[in-house]
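J.: Below you'll find query-v4.pdb; it's PDB, C-alpha atoms.
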ATOM      1  CA  MET J   1      29.065 141.193  21.651
ATOM      2  CA  TRP J   2      30.719 144.434  20.422
ATOM      3  CA  THR J   3      28.488 146.634  22.519
ATOM      4  CA  TRP J   4      29.410 144.511  25.500
ATOM      5  CA  PHE J   5      33.110 145.080  24.763
ATOM      6  CA  HIS J   6      32.553 148.793  24.336
ATOM      7  CA  ARG J   7      30.730 149.056  27.599
ATOM      8  CA  LEU J   8      33.394 147.016  29.375
ATOM      9  CA  ALA J   9      36.123 149.344  28.101
ATOM     10  CA  SER J  10      34.602 152.278  29.976
ATOM     11  CA  PRO J  11      36.476 152.742  33.275
ATOM     12  CA  PRO J  12      33.523 152.478  35.703
ATOM     13  CA  SER J  13      32.147 149.324  34.040
ATOM     14  CA  PHE J  14      35.549 147.700  33.990
ATOM     15  CA  TYR J  15      36.113 148.609  37.623
ATOM     16  CA  THR J  16      32.838 146.954  38.644
ATOM     17  CA  PHE J  17      33.511 143.947  36.410
ATOM     18  CA  ALA J  18      36.971 143.453  37.979
ATOM     19  CA  GLU J  19      35.527 143.884  41.461
ATOM     20  CA  ARG J  20      33.094 141.008  40.801
ATOM     21  CA  LEU J  21      35.478 138.717  38.934
ATOM     22  CA  ALA J  22      38.595 138.986  41.111
ATOM     23  CA  PRO J  23      37.373 137.045  44.195
ATOM     24  CA  TRP J  24      36.186 134.081  42.081
ATOM     25  CA  LEU J  25      39.388 134.070  40.077
ATOM     26  CA  LEU J  26      41.390 134.177  43.306
ATOM     27  CA  ALA J  27      39.486 131.232  44.766
ATOM     28  CA  PHE J  28      40.138 129.260  41.593
ATOM     29  CA  ALA J  29      43.821 130.268  41.634
ATOM     30  CA  LEU J  30      44.299 129.047  45.195
ATOM     31  CA  ILE J  31      42.569 125.715  44.577
ATOM     32  CA  ALA J  32      44.375 124.995  41.287
ATOM     33  CA  THR J  33      47.787 126.084  42.566
ATOM     34  CA  GLY J  34      47.277 124.140  45.798
ATOM     35  CA  TYR J  35      46.361 121.010  43.881
ATOM     36  CA  GLY J  36      49.207 121.453  41.384
ATOM     37  CA  LEU J  37      51.898 121.961  43.975
ATOM     38  CA  ILE J  38      50.751 119.303  46.437
ATOM     39  CA  ALA J  39      50.185 116.677  43.751
ATOM     40  CA  GLY J  40      53.362 117.666  41.949
ATOM     41  CA  LEU J  41      55.634 117.679  44.958
ATOM     42  CA  TRP J  42      54.103 114.735  46.721
ATOM     43  CA  PHE J  43      52.261 112.328  44.473
ATOM     44  CA  ALA J  44      53.838 112.669  41.039
ATOM     45  CA  PRO J  45      56.403 109.943  40.340
ATOM     46  CA  ARG J  46      60.100 110.772  40.389
ATOM     47  CA  ASP J  47      61.681 111.501  37.007
ATOM     48  CA  TYR J  48      63.884 108.625  35.832
ATOM     49  CA  GLN J  49      66.710 110.956  34.764
ATOM     50  CA  GLN J  50      66.392 113.988  36.998
ATOM     51  CA  GLY J  51      65.078 112.375  40.192
ATOM     52  CA  ASP J  52      63.179 114.783  42.425
ATOM     53  CA  ALA J  53      64.879 117.844  40.921
ATOM     54  CA  PHE J  54      62.352 117.742  38.051
ATOM     55  CA  ARG J  55      59.667 118.887  40.531
ATOM     56  CA  ILE J  56      60.946 122.436  40.027
ATOM     57  CA  ILE J  57      58.926 122.190  36.794
ATOM     58  CA  TYR J  58      55.731 122.865  38.783
ATOM     59  CA  VAL J  59      56.787 126.441  39.453
ATOM     60  CA  HIS J  60      59.282 127.053  36.655
ATOM     61  CA  VAL J  61      57.036 126.262  33.680
ATOM     62  CA  PRO J  62      54.029 128.309  34.909
ATOM     63  CA  ALA J  63      56.341 131.272  35.611
ATOM     64  CA  ALA J  64      58.074 131.019  32.239
ATOM     65  CA  ALA J  65      54.807 130.566  30.328
ATOM     66  CA  LEU J  66      53.348 133.594  32.112
ATOM     67  CA  SER J  67      56.428 135.692  31.366
ATOM     68  CA  LEU J  68      55.693 135.258  27.647
ATOM     69  CA  SER J  69      51.879 135.382  27.840
ATOM     70  CA  LEU J  70      51.856 138.555  29.923
ATOM     71  CA  TYR J  71      54.283 140.205  27.528
ATOM     72  CA  THR J  72      52.105 139.190  24.592
ATOM     73  CA  GLY J  73      49.087 140.629  26.407
ATOM     74  CA  MET J  74      50.992 143.833  27.097
ATOM     75  CA  ALA J  75      52.046 144.135  23.441
ATOM     76  CA  ILE J  76      48.447 143.610  22.270
ATOM     77  CA  ALA J  77      47.277 146.276  24.735
ATOM     78  CA  ALA J  78      50.045 148.505  23.354
ATOM     79  CA  VAL J  79      48.761 148.142  19.780
ATOM     80  CA  ILE J  80      45.199 148.906  20.924
ATOM     81  CA  ALA J  81      46.422 151.901  22.930
ATOM     82  CA  LEU J  82      48.378 153.309  19.985
ATOM     83  CA  VAL J  83      45.800 152.704  17.281
ATOM     84  CA  TRP J  84      42.496 153.297  19.044
ATOM     85  CA  ARG J  85      43.663 155.370  22.022
ATOM     86  CA  ILE J  86      41.524 153.325  24.381
ATOM     87  CA  LYS J  87      42.280 154.370  27.933
ATOM     88  CA  LEU J  88      41.733 150.905  29.365
ATOM     89  CA  ALA J  89      44.464 149.534  27.065
ATOM     90  CA  GLU J  90      46.899 152.172  28.334
ATOM     91  CA  VAL J  91      46.000 151.162  31.867
ATOM     92  CA  ALA J  92      46.613 147.503  30.997
ATOM     93  CA  ILE J  93      50.191 148.254  29.859
ATOM     94  CA  THR J  94      50.985 149.905  33.196
ATOM     95  CA  ALA J  95      49.311 147.102  35.150
ATOM     96  CA  LEU J  96      50.780 144.132  33.276
ATOM     97  CA  ALA J  97      54.432 145.230  33.368
ATOM     98  CA  PRO J  98      55.140 144.599  37.085
ATOM     99  CA  VAL J  99      53.200 141.309  37.079
ATOM    100  CA  GLY J 100      55.155 140.147  34.030
ATOM    101  CA  ALA J 101      58.464 141.288  35.487
ATOM    102  CA  SER J 102      57.840 139.339  38.696
ATOM    103  CA  PHE J 103      57.061 136.108  36.850
ATOM    104  CA  THR J 104      60.030 136.579  34.507
ATOM    105  CA  ALA J 105      62.314 136.996  37.519
ATOM    106  CA  LEU J 106      60.739 133.884  39.051
ATOM    107  CA  ALA J 107      61.315 131.905  35.849
ATOM    108  CA  LEU J 108      64.976 132.966  35.840
ATOM    109  CA  VAL J 109      65.566 132.196  39.525
ATOM    110  CA  THR J 110      63.811 128.817  39.487
ATOM    111  CA  GLY J 111      65.643 128.038  36.254
ATOM    112  CA  MET J 112      68.950 128.762  37.945
ATOM    113  CA  LEU J 113      67.993 126.559  40.882
ATOM    114  CA  TRP J 114      67.168 123.825  38.388
ATOM    115  CA  GLY J 115      70.268 124.429  36.268
ATOM    116  CA  LYS J 116      72.746 124.115  39.112
ATOM    117  CA  PRO J 117      72.032 120.461  40.004
ATOM    118  CA  MET J 118      71.240 119.375  36.405
ATOM    119  CA  TRP J 119      73.754 121.291  34.266
ATOM    120  CA  GLY J 120      76.323 122.056  36.961
ATOM    121  CA  ALA J 121      75.931 125.830  36.611
ATOM    122  CA  TYR J 122      73.432 128.415  37.792
ATOM    123  CA  TRP J 123      73.849 130.397  34.624
ATOM    124  CA  VAL J 124      75.069 129.839  31.073
ATOM    125  CA  TRP J 125      74.884 132.418  28.266
ATOM    126  CA  ASP J 126      72.631 130.211  26.241
ATOM    127  CA  ALA J 127      69.953 131.426  23.792
ATOM    128  CA  ARG J 128      66.969 130.585  26.023
ATOM    129  CA  LEU J 129      68.436 132.019  29.213
ATOM    130  CA  THR J 130      69.797 135.146  27.546
ATOM    131  CA  SER J 131      66.567 135.954  25.694
ATOM    132  CA  GLU J 132      64.567 135.454  28.913
ATOM    133  CA  LEU J 133      66.923 137.888  30.649
ATOM    134  CA  VAL J 134      66.318 140.385  27.818
ATOM    135  CA  LEU J 135      62.579 139.885  28.458
ATOM    136  CA  LEU J 136      63.087 140.927  32.092
ATOM    137  CA  PHE J 137      64.941 144.075  30.964
ATOM    138  CA  LEU J 138      62.098 144.885  28.552
ATOM    139  CA  TYR J 139      59.574 144.691  31.396
ATOM    140  CA  LEU J 140      61.815 146.827  33.604
ATOM    141  CA  GLY J 141      62.193 149.279  30.716
ATOM    142  CA  VAL J 142      58.414 149.647  30.433
ATOM    143  CA  ILE J 143      58.093 150.129  34.204
ATOM    144  CA  GLY J 144      60.854 152.765  34.206
ATOM    145  CA  LEU J 145      59.516 154.595  31.158
ATOM    146  CA  ASP J 146      56.026 154.664  32.640
ATOM    147  CA  ALA J 147      57.358 156.264  35.813
ATOM    148  CA  ALA J 148      59.467 158.799  33.899
ATOM    149  CA  PHE J 149      56.553 160.771  32.411
ATOM    150  CA  ALA J 150      54.260 163.116  34.313
ATOM    151  CA  ASP J 151      51.701 163.083  31.506
ATOM    152  CA  ARG J 152      49.855 159.751  31.499
ATOM    153  CA  ARG J 153      49.024 159.794  27.784
ATOM    154  CA  ALA J 154      52.654 160.499  26.827
ATOM    155  CA  ALA J 155      53.823 157.752  29.183
ATOM    156  CA  ALA J 156      51.381 155.299  27.638
ATOM    157  CA  ARG J 157      52.536 156.123  24.118
ATOM    158  CA  ALA J 158      56.209 155.682  25.000
ATOM    159  CA  CYS J 159      55.553 152.415  26.866
ATOM    160  CA  ALA J 160      53.407 151.131  24.017
ATOM    161  CA  LEU J 161      56.188 151.741  21.498
ATOM    162  CA  LEU J 162      58.767 149.971  23.660
ATOM    163  CA  ALA J 163      56.392 147.062  24.326
ATOM    164  CA  ILE J 164      55.699 146.622  20.604
ATOM    165  CA  VAL J 165      59.352 146.815  19.555
ATOM    166  CA  GLY J 166      60.279 144.393  22.342
ATOM    167  CA  ALA J 167      57.675 141.892  21.163
ATOM    168  CA  VAL J 168      60.173 140.489  18.621
ATOM    169  CA  ASN J 169      61.857 138.903  21.617
ATOM    170  CA  VAL J 170      58.796 136.773  22.453
ATOM    171  CA  PRO J 171      59.150 134.241  19.587
ATOM    172  CA  ILE J 172      62.913 134.279  20.145
ATOM    173  CA  VAL J 173      62.412 133.099  23.731
ATOM    174  CA  LYS J 174      59.756 130.589  22.736
ATOM    175  CA  TYR J 175      61.632 128.963  19.851
ATOM    176  CA  SER J 176      65.218 129.504  21.056
ATOM    177  CA  VAL J 177      65.391 125.877  22.172
ATOM    178  CA  GLU J 178      64.591 124.735  18.637
ATOM    179  CA  TRP J 179      66.481 127.342  16.606
ATOM    180  CA  TRP J 180      69.764 127.022  18.471
ATOM    181  CA  ASN J 181      71.578 124.250  20.242
ATOM    182  CA  SER J 182      70.447 125.027  23.733
ATOM    183  CA  LEU J 183      71.296 123.399  27.006
ATOM    184  CA  HIS J 184      67.659 123.999  27.890
ATOM    185  CA  GLN J 185      65.322 121.088  27.214
ATOM    186  CA  THR J 186      62.533 121.519  24.668
ATOM    187  CA  SER J 187      58.839 121.835  25.488
ATOM    188  CA  THR J 188      57.010 118.958  27.110
ATOM    189  CA  ILE J 189      53.391 120.108  27.080
ATOM    190  CA  LEU J 190      53.178 123.644  25.676
ATOM    191  CA  LYS J 191      53.466 122.587  22.063
ATOM    192  CA  PHE J 192      51.440 121.071  19.272
ATOM    193  CA  GLY J 193      50.823 117.354  19.377
ATOM    194  CA  LYS J 194      50.830 114.871  22.198
ATOM    195  CA  PRO J 195      52.488 115.798  25.504
ATOM    196  CA  THR J 196      55.681 113.829  26.107
ATOM    197  CA  ILE J 197      55.031 113.350  29.796
ATOM    198  CA  THR J 198      53.075 110.831  31.854
ATOM    199  CA  THR J 199      49.616 111.857  33.097
ATOM    200  CA  ASP J 200      50.648 111.614  36.778
ATOM    201  CA  MET J 201      53.210 114.299  36.110
ATOM    202  CA  ALA J 202      51.182 116.296  33.594
ATOM    203  CA  LEU J 203      47.915 116.796  35.529
ATOM    204  CA  PRO J 204      49.546 118.632  38.459
ATOM    205  CA  LEU J 205      51.422 120.749  35.906
ATOM    206  CA  TYR J 206      48.160 121.759  34.219
ATOM    207  CA  GLY J 207      46.793 122.604  37.672
ATOM    208  CA  ALA J 208      49.826 124.715  38.528
ATOM    209  CA  LEU J 209      49.665 126.427  35.132
ATOM    210  CA  LEU J 210      45.954 127.304  35.391
ATOM    211  CA  GLY J 211      46.416 128.418  38.999
ATOM    212  CA  ALA J 212      49.332 130.698  38.173
ATOM    213  CA  TYR J 213      47.465 132.209  35.203
ATOM    214  CA  ALA J 214      44.439 132.905  37.400
ATOM    215  CA  LEU J 215      46.651 134.415  40.087
ATOM    216  CA  ALA J 216      48.402 136.665  37.573
ATOM    217  CA  GLY J 217      44.937 137.599  36.279
ATOM    218  CA  VAL J 218      43.797 138.651  39.755
ATOM    219  CA  SER J 219      46.955 140.687  40.224
ATOM    220  CA  ALA J 220      46.557 142.383  36.830
ATOM    221  CA  LEU J 221      42.853 143.167  37.445
ATOM    222  CA  ARG J 222      43.613 144.660  40.850
ATOM    223  CA  ARG J 223      46.466 146.737  39.465
ATOM    224  CA  MET J 224      44.289 147.972  36.605
ATOM    225  CA  GLN J 225      41.659 149.027  39.133
ATOM    226  CA  ASN J 226      44.294 150.987  41.068
ATOM    227  CA  VAL J 227      45.637 152.720  37.960
ATOM    228  CA  LEU J 228      42.067 153.584  36.920
ATOM    229  CA  LEU J 229      41.228 155.026  40.345
ATOM    230  CA  LEU J 230      44.292 157.256  40.215
ATOM    231  CA  ARG J 231      43.862 158.385  36.623
ATOM    232  CA  GLU J 232      40.145 158.996  36.995
ATOM    233  CA  ARG J 233      40.324 160.466  40.489
ATOM    234  CA  ARG J 234      38.426 163.576  39.407
ATOM    235  CA  ALA J 235      35.704 161.643  37.579
ATOM    236  CA  THR J 236      32.221 161.369  39.040
ATOM    237  CA  TRP J 237      32.305 157.586  39.355
ATOM    238  CA  VAL J 238      35.446 157.648  41.527
ATOM    239  CA  ARG J 239      34.050 160.463  43.695
ATOM    240  CA  GLU J 240      30.834 158.487  44.115
ATOM    241  CA  LEU J 241      32.756 155.348  44.979
ATOM    242  CA  LEU J 242      34.753 157.178  47.639
ATOM    243  CA  ALA J 243      31.639 158.836  49.045
ATOM    244  CA  GLU J 244      29.969 155.436  49.246
ATOM    245  CA  ARG J 245      32.937 154.046  51.162
ATOM    246  CA  ALA J 246      33.019 156.974  53.541
ATOM    247  CA  ALA J 247      29.314 156.652  54.286
TER     248      ALA J 247
ATOM    249  CA  MET F  27      57.882 111.973  55.135
ATOM    250  CA  SER F  28      61.580 112.850  55.429
ATOM    251  CA  GLY F  29      61.862 112.106  51.712
ATOM    252  CA  LEU F  30      59.586 115.026  50.964
ATOM    253  CA  PHE F  31      62.026 117.440  52.600
ATOM    254  CA  GLU F  32      65.168 115.883  51.204
ATOM    255  CA  MET F  33      63.828 115.484  47.670
ATOM    256  CA  GLY F  34      66.425 112.844  46.901
ATOM    257  CA  GLY F  35      69.247 115.238  47.767
ATOM    258  CA  TYR F  36      67.778 118.120  45.741
ATOM    259  CA  GLY F  37      65.827 119.538  48.699
ATOM    260  CA  ILE F  38      67.507 122.922  48.717
ATOM    261  CA  TYR F  39      66.880 123.470  44.999
ATOM    262  CA  VAL F  40      63.301 122.198  44.978
ATOM    263  CA  TRP F  41      62.186 123.927  48.179
ATOM    264  CA  GLY F  42      64.180 127.034  47.285
ATOM    265  CA  SER F  43      62.215 127.231  44.026
ATOM    266  CA  ILE F  44      58.894 126.664  45.784
ATOM    267  CA  GLY F  45      59.765 129.315  48.368
ATOM    268  CA  CYS F  46      60.602 131.872  45.661
ATOM    269  CA  ALA F  47      57.375 131.028  43.838
ATOM    270  CA  LEU F  48      55.236 131.449  46.959
ATOM    271  CA  ALA F  49      56.966 134.780  47.648
ATOM    272  CA  VAL F  50      56.188 136.012  44.111
ATOM    273  CA  PHE F  51      52.570 134.781  44.378
ATOM    274  CA  ALA F  52      52.131 136.541  47.726
ATOM    275  CA  TRP F  53      53.699 139.764  46.435
ATOM    276  CA  ASN F  54      51.395 139.768  43.428
ATOM    277  CA  LEU F  55      48.363 139.628  45.702
ATOM    278  CA  ALA F  56      49.612 141.842  48.533
ATOM    279  CA  ALA F  57      51.194 144.699  46.558
ATOM    280  CA  PRO F  58      48.020 145.806  44.726
ATOM    281  CA  ALA F  59      45.941 145.375  47.902
ATOM    282  CA  LEU F  60      48.265 147.627  49.914
ATOM    283  CA  GLN F  61      48.404 150.092  47.042
ATOM    284  CA  ARG F  62      44.599 150.175  46.929
ATOM    285  CA  ARG F  63      44.287 150.894  50.629
ATOM    286  CA  GLU F  64      46.792 153.727  50.426
ATOM    287  CA  LEU F  65      45.142 155.118  47.307
ATOM    288  CA  MET F  66      41.669 155.079  48.828
ATOM    289  CA  GLN F  67      42.901 157.005  51.855
ATOM    290  CA  ARG F  68      44.708 159.548  49.697
ATOM    291  CA  LEU F  69      41.851 160.065  47.265
ATOM    292  CA  ALA F  70      39.306 160.375  50.061
ATOM    293  CA  ASP F  71      40.881 163.707  50.996
ATOM    294  CA  PRO F  72      39.965 166.056  48.112
ATOM    295  CA  GLU F  73      42.163 168.946  49.273
ATOM    296  CA  ALA F  74      45.338 166.911  49.402
ATOM    297  CA  MET F  75      44.545 165.709  45.911
ATOM    298  CA  GLU F  76      44.357 169.123  44.242
ATOM    299  CA  ASN F  77      48.084 169.913  44.570
ATOM    300  CA  ASP F  78      49.159 166.352  44.000
ATOM    301  CA  GLU F  79      49.873 165.206  40.453
ATOM    302  CA  ALA F  80      50.735 161.620  41.172
TER     303      ALA F  80
END
When written as structure tokens, how does the structure in this file appear?
T.:
Amino acid sequence: MWTWFHRLASPPSFYTFAERLAPWLLAFALIATGYGLIAGLWFAPRDYQQGDAFRIIYVHVPAAALSLSLYTGMAIAAVIALVWRIKLAEVAITALAPVGASFTALALVTGMLWGKPMWGAYWVWDARLTSELVLLFLYLGVIGLDAAFADRRAAARACALLAIVGAVNVPIVKYSVEWWNSLHQTSTILKFGKPTITTDMALPLYGALLGAYALAGVSALRRMQNVLLLRERRATWVRELLAERAA
Amino acid sequence: MSGLFEMGGYGIYVWGSIGCALAVFAWNLAAPALQRRELMQRLADPEAMENDEA
């Protein structure tokens, strides 16, 4: 098990692993997302309070869940990069930041489009919304910091520090709806205990969630491959790969 | 069928959200693919790479 991990952490092995995994993950992402959205928009019953507006859940919840999961992943990679100086972990920080930022922005925008008809306002300075906005700025901060350094190791260290410090915001986002009086509704399925939603509504949501996670995974793998190619451009394995392509 | 587009009067919000989501999904797949193609072309030329500290 550990030797397998060690081998996977070497750039050429990870590159090959990602190359094999990505197409399967993409196929799964398309099927699950397709099912989730079609079943959610079409077949799921209308919500008794929110009517059809609740269907925004099928894109909002996956985006919001990913915004937190990807940040958590980035913070874990940051700890590994700082403590063990593993190159692949540094690469993961760089790769996860734009994916996370895009899903955080999506969670905010779909939330606004849901807030307008339900709360009467696109935006309120409420604990959940504000902390999610801070999350977006943290991602943008990591992206900016990464671009600001010429030396890749220095960039990784700076980004790792920011990612770790910013991680305090993750539980704040997650539990804001319980800690403070928020306009935002509390969790329906992503919590301990029984889901408070009917199966006809829940199954498409699980599909959309799994699909979005797989899609974000494909994007992160592909970005990691790109960062690796650039960082290792003088290494034998990259030269061999390019020679193979040219042949 | 028309109900699916109107979404009980919430059509613009629901379809607006779906549209944004599909755009983000597509960007997440297309951006790294385009980046890869550009990178492969750039790295294939070893001379251009020597002076370039990207």
J.: Evaluate the ChimeraX specification (/F :<9) & /J on the structure here and hand back the selected residues as a PyMOL selection string.
T.: chain J and resi 37+41-42+51-56+58-60+63+98-99+102-103+106-107+109-111+113-114+116-117+150+212+215-216+218-220+222-223+225-226+229-231+233+238-239+242-243+246
J.: Could you save the residues just selected, with C-alpha atoms, as an mmCIF file, keeping the file's coordinate frame?
T.:
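Result went into again05.cif, see below:
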data_model
loop_
_atom_site.group_PDB
_atom_site.id
_atom_site.type_symbol
_atom_site.label_atom_id
_atom_site.label_comp_id
_atom_site.auth_asym_id
_atom_site.auth_seq_id
_atom_site.Cartn_x
_atom_site.Cartn_y
_atom_site.Cartn_z
ATOM 1 C CA LEU J 37 51.898 121.961 43.975
ATOM 2 C CA LEU J 41 55.634 117.679 44.958
ATOM 3 C CA TRP J 42 54.103 114.735 46.721
ATOM 4 C CA GLY J 51 65.078 112.375 40.192
ATOM 5 C CA ASP J 52 63.179 114.783 42.425
ATOM 6 C CA ALA J 53 64.879 117.844 40.921
ATOM 7 C CA PHE J 54 62.352 117.742 38.051
ATOM 8 C CA ARG J 55 59.667 118.887 40.531
ATOM 9 C CA ILE J 56 60.946 122.436 40.027
ATOM 10 C CA TYR J 58 55.731 122.865 38.783
ATOM 11 C CA VAL J 59 56.787 126.441 39.453
ATOM 12 C CA HIS J 60 59.282 127.053 36.655
ATOM 13 C CA ALA J 63 56.341 131.272 35.611
ATOM 14 C CA PRO J 98 55.140 144.599 37.085
ATOM 15 C CA VAL J 99 53.200 141.309 37.079
ATOM 16 C CA SER J 102 57.840 139.339 38.696
ATOM 17 C CA PHE J 103 57.061 136.108 36.850
ATOM 18 C CA LEU J 106 60.739 133.884 39.051
ATOM 19 C CA ALA J 107 61.315 131.905 35.849
ATOM 20 C CA VAL J 109 65.566 132.196 39.525
ATOM 21 C CA THR J 110 63.811 128.817 39.487
ATOM 22 C CA GLY J 111 65.643 128.038 36.254
ATOM 23 C CA LEU J 113 67.993 126.559 40.882
ATOM 24 C CA TRP J 114 67.168 123.825 38.388
ATOM 25 C CA LYS J 116 72.746 124.115 39.112
ATOM 26 C CA PRO J 117 72.032 120.461 40.004
ATOM 27 C CA ALA J 150 54.260 163.116 34.313
ATOM 28 C CA ALA J 212 49.332 130.698 38.173
ATOM 29 C CA LEU J 215 46.651 134.415 40.087
ATOM 30 C CA ALA J 216 48.402 136.665 37.573
ATOM 31 C CA VAL J 218 43.797 138.651 39.755
ATOM 32 C CA SER J 219 46.955 140.687 40.224
ATOM 33 C CA ALA J 220 46.557 142.383 36.830
ATOM 34 C CA ARG J 222 43.613 144.660 40.850
ATOM 35 C CA ARG J 223 46.466 146.737 39.465
ATOM 36 C CA GLN J 225 41.659 149.027 39.133
ATOM 37 C CA ASN J 226 44.294 150.987 41.068
ATOM 38 C CA LEU J 229 41.228 155.026 40.345
ATOM 39 C CA LEU J 230 44.292 157.256 40.215
ATOM 40 C CA ARG J 231 43.862 158.385 36.623
ATOM 41 C CA ARG J 233 40.324 160.466 40.489
ATOM 42 C CA VAL J 238 35.446 157.648 41.527
ATOM 43 C CA ARG J 239 34.050 160.463 43.695
ATOM 44 C CA LEU J 242 34.753 157.178 47.639
ATOM 45 C CA ALA J 243 31.639 158.836 49.045
ATOM 46 C CA ALA J 246 33.019 156.974 53.541
#
J.: Quote the spacing between atom CA of J:Val165 and atom CA of J:Ala147 in Å to one decimal place.
T.: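 Those two atoms sit 18.9 Å apart.
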J.: Measure the distance from atom CA of J:Ala97 to atom CA of J:Glu232 in Å and round it to one decimal.
T.: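 That distance, rounded to one decimal, is 20.2 Å.
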J.: Place a sphere of radius 8 Å on (50.0, 155.3, 29.5) in the file coordinates and name every protein, DNA or RNA residue with an atom inside or on its surface, counting only C-alpha atoms; give the answer as a list in words.
T.: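 Residues lying no farther than 8 Å from the given point: Lys87, Glu90, Val91, Ile93, Thr94, Asp146, Arg152, Arg153, Ala154, Ala155, Ala156, Arg157, Ala158, Cys159 and Ala160 of chain J.
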J.: Keeping C-alpha atoms, export the residues of the selection given above as a tab-separated table (two decimals), in the frame of the given file.
T.:
chain	number	residue	atom	x	y	z
J	87	LYS	CA	42.28	154.37	27.93
J	90	GLU	CA	46.90	152.17	28.33
J	91	VAL	CA	46.00	151.16	31.87
J	93	ILE	CA	50.19	148.25	29.86
J	94	THR	CA	50.98	149.90	33.20
J	146	ASP	CA	56.03	154.66	32.64
J	152	ARG	CA	49.86	159.75	31.50
J	153	ARG	CA	49.02	159.79	27.78
J	154	ALA	CA	52.65	160.50	26.83
J	155	ALA	CA	53.82	157.75	29.18
J	156	ALA	CA	51.38	155.30	27.64
J	157	ARG	CA	52.54	156.12	24.12
J	158	ALA	CA	56.21	155.68	25.00
J	159	CYS	CA	55.55	152.42	26.87
J	160	ALA	CA	53.41	151.13	24.02
J.: Separation of atom CA of J:Ala92 and atom CA of J:Ala208, in Å?
T.: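 For atom CA of J:Ala92 relative to atom CA of J:Ala208, the distance reads 24.2 Å.
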J.: Starting from the displayed file, determine the output of the PyMOL selection byres ((chain J and resi 138) around 10) and express the residue list as an MDAnalysis selection string.
T.: chainID J and resid 71 97 101 132:137 139:144 162:163 165:167 169
